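*Asks:* Please read through the structure below; I'll follow up with questions.
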Amino acid sequence: MLGIVAAVLFFIAFLINAADISTNDTFTSTNVMLLGLTALALHIAGIGSGWSTRRRR
């Protein structure tokens with residue numbers, strides 16, 4: 001799930017950068033890209049993947 005969120009954030013960052021959309025200082029393409037990288041790192045770490053490591057016996 002977080003991998004999809006990261007892909008969407010990367011696409012938004014690309015659109016902001018490619019279209020030269022002027023945004024405020026907190027919503028720049030670099031900040032959106034860093035949020036995407038954070039979501040991707042959490043996805044790779046296994047957080048939010050929906051899989052449980054606990055097994056019932």
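By convention in this document, the chains of the structure tokens carry letters A, B, ... by their order, each chain's residues are numbered from 1, and ligands are numbered from 1 in the order they are shown.
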Write out as a ChimeraX atom specification all residues of chain A that backbone DSSP assigns to alpha helix (DSSP H).
*Replies:* /A:2-18,29-45
*Asks:* Which of these residues is nearest to A:Gly3, using only C-alpha atoms: A:Ser22, A:Thr28, A:Thr38, A:Asn17?
*Replies:*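 Smallest separation from A:Gly3 among the options: A:Thr38.
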*Asks:* Find the residues around A:Ala39 up to 12 Å (only C-alpha atoms counted), leave out those fewer than 3 positions away in its own chain, and share them as a PyMOL selection string.
*Replies:* chain A and resi 1-10+32-36+42-49
*Asks:* Restricted to N, CA, C and O atoms, what would the selected residues look like written as a compact mmCIF listing (two decimals), in the first residue's frame?
*Replies:*
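Result file follows (selection.txt):
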```txt
# COMPACT_ATOMS: atom_id res chain seq x y z
N MET A 1 0.82 -1.20 0.00
CA MET A 1 0.00 0.00 0.00
C MET A 1 0.86 1.25 0.00
O MET A 1 0.57 2.20 -0.71
N LEU A 2 1.90 1.26 0.81
CA LEU A 2 2.76 2.44 0.86
C LEU A 2 3.56 2.61 -0.44
O LEU A 2 3.95 3.72 -0.78
N GLY A 3 3.77 1.52 -1.15
CA GLY A 3 4.43 1.62 -2.45
C GLY A 3 3.59 2.39 -3.45
O GLY A 3 4.10 3.18 -4.24
N ILE A 4 2.28 2.18 -3.41
CA ILE A 4 1.37 2.91 -4.29
C ILE A 4 1.32 4.38 -3.90
O ILE A 4 1.32 5.27 -4.75
N VAL A 5 1.31 4.65 -2.60
CA VAL A 5 1.33 6.03 -2.11
C VAL A 5 2.61 6.73 -2.57
O VAL A 5 2.58 7.89 -3.01
N ALA A 6 3.73 6.02 -2.49
CA ALA A 6 5.00 6.60 -2.94
C ALA A 6 4.96 6.91 -4.43
O ALA A 6 5.43 7.97 -4.86
N ALA A 7 4.39 6.01 -5.22
CA ALA A 7 4.30 6.25 -6.67
C ALA A 7 3.44 7.47 -6.98
O ALA A 7 3.78 8.28 -7.85
N VAL A 8 2.34 7.63 -6.25
CA VAL A 8 1.47 8.79 -6.46
C VAL A 8 2.20 10.08 -6.06
O VAL A 8 2.12 11.10 -6.77
N LEU A 9 2.92 10.04 -4.95
CA LEU A 9 3.66 11.23 -4.52
C LEU A 9 4.77 11.59 -5.50
O LEU A 9 5.00 12.77 -5.79
N PHE A 10 5.45 10.58 -6.05
CA PHE A 10 6.47 10.85 -7.07
C PHE A 10 5.84 11.47 -8.31
O PHE A 10 6.41 12.38 -8.92
N VAL A 32 7.62 17.00 -1.71
CA VAL A 32 6.73 15.90 -2.07
C VAL A 32 7.54 14.66 -2.43
O VAL A 32 7.19 13.54 -2.08
N MET A 33 8.68 14.86 -3.11
CA MET A 33 9.55 13.74 -3.45
C MET A 33 10.11 13.09 -2.18
O MET A 33 10.20 11.87 -2.09
N LEU A 34 10.49 13.89 -1.19
CA LEU A 34 11.00 13.34 0.05
C LEU A 34 9.92 12.58 0.81
O LEU A 34 10.20 11.55 1.44
N LEU A 35 8.68 13.03 0.75
CA LEU A 35 7.58 12.27 1.35
C LEU A 35 7.40 10.93 0.63
O LEU A 35 7.14 9.91 1.26
N GLY A 36 7.57 10.94 -0.69
CA GLY A 36 7.50 9.70 -1.46
C GLY A 36 8.61 8.75 -1.10
O GLY A 36 8.41 7.54 -0.98
N LEU A 42 9.43 3.05 4.08
CA LEU A 42 8.56 2.33 5.00
C LEU A 42 7.99 1.08 4.34
O LEU A 42 7.84 0.04 4.98
N HIS A 43 7.69 1.17 3.06
CA HIS A 43 7.18 0.01 2.33
C HIS A 43 8.23 -1.09 2.24
O HIS A 43 7.94 -2.26 2.45
N ILE A 44 9.46 -0.71 1.95
CA ILE A 44 10.55 -1.68 1.85
C ILE A 44 10.85 -2.29 3.22
O ILE A 44 11.19 -3.47 3.32
N ALA A 45 10.68 -1.50 4.27
CA ALA A 45 10.91 -2.01 5.63
C ALA A 45 9.81 -2.96 6.08
O ALA A 45 9.97 -3.65 7.08
N GLY A 46 8.71 -3.00 5.37
CA GLY A 46 7.63 -3.93 5.71
C GLY A 46 6.52 -3.32 6.51
O GLY A 46 5.60 -4.01 6.92
N ILE A 47 6.57 -2.03 6.74
CA ILE A 47 5.53 -1.36 7.51
C ILE A 47 4.37 -1.02 6.56
O ILE A 47 4.58 -0.47 5.49
N GLY A 48 3.17 -1.38 6.95
CA GLY A 48 2.01 -1.09 6.13
C GLY A 48 1.80 -2.04 4.97
O GLY A 48 1.00 -1.77 4.09
N SER A 49 2.50 -3.16 4.98
CA SER A 49 2.36 -4.08 3.86
C SER A 49 1.16 -5.00 4.01
O SER A 49 0.75 -5.65 3.07
```
*Asks:* What does the structure give for the distance between atom CA of A:Leu40 and atom CA of A:Ala18, in Å to one decimal?
*Replies:* 21.7 Å
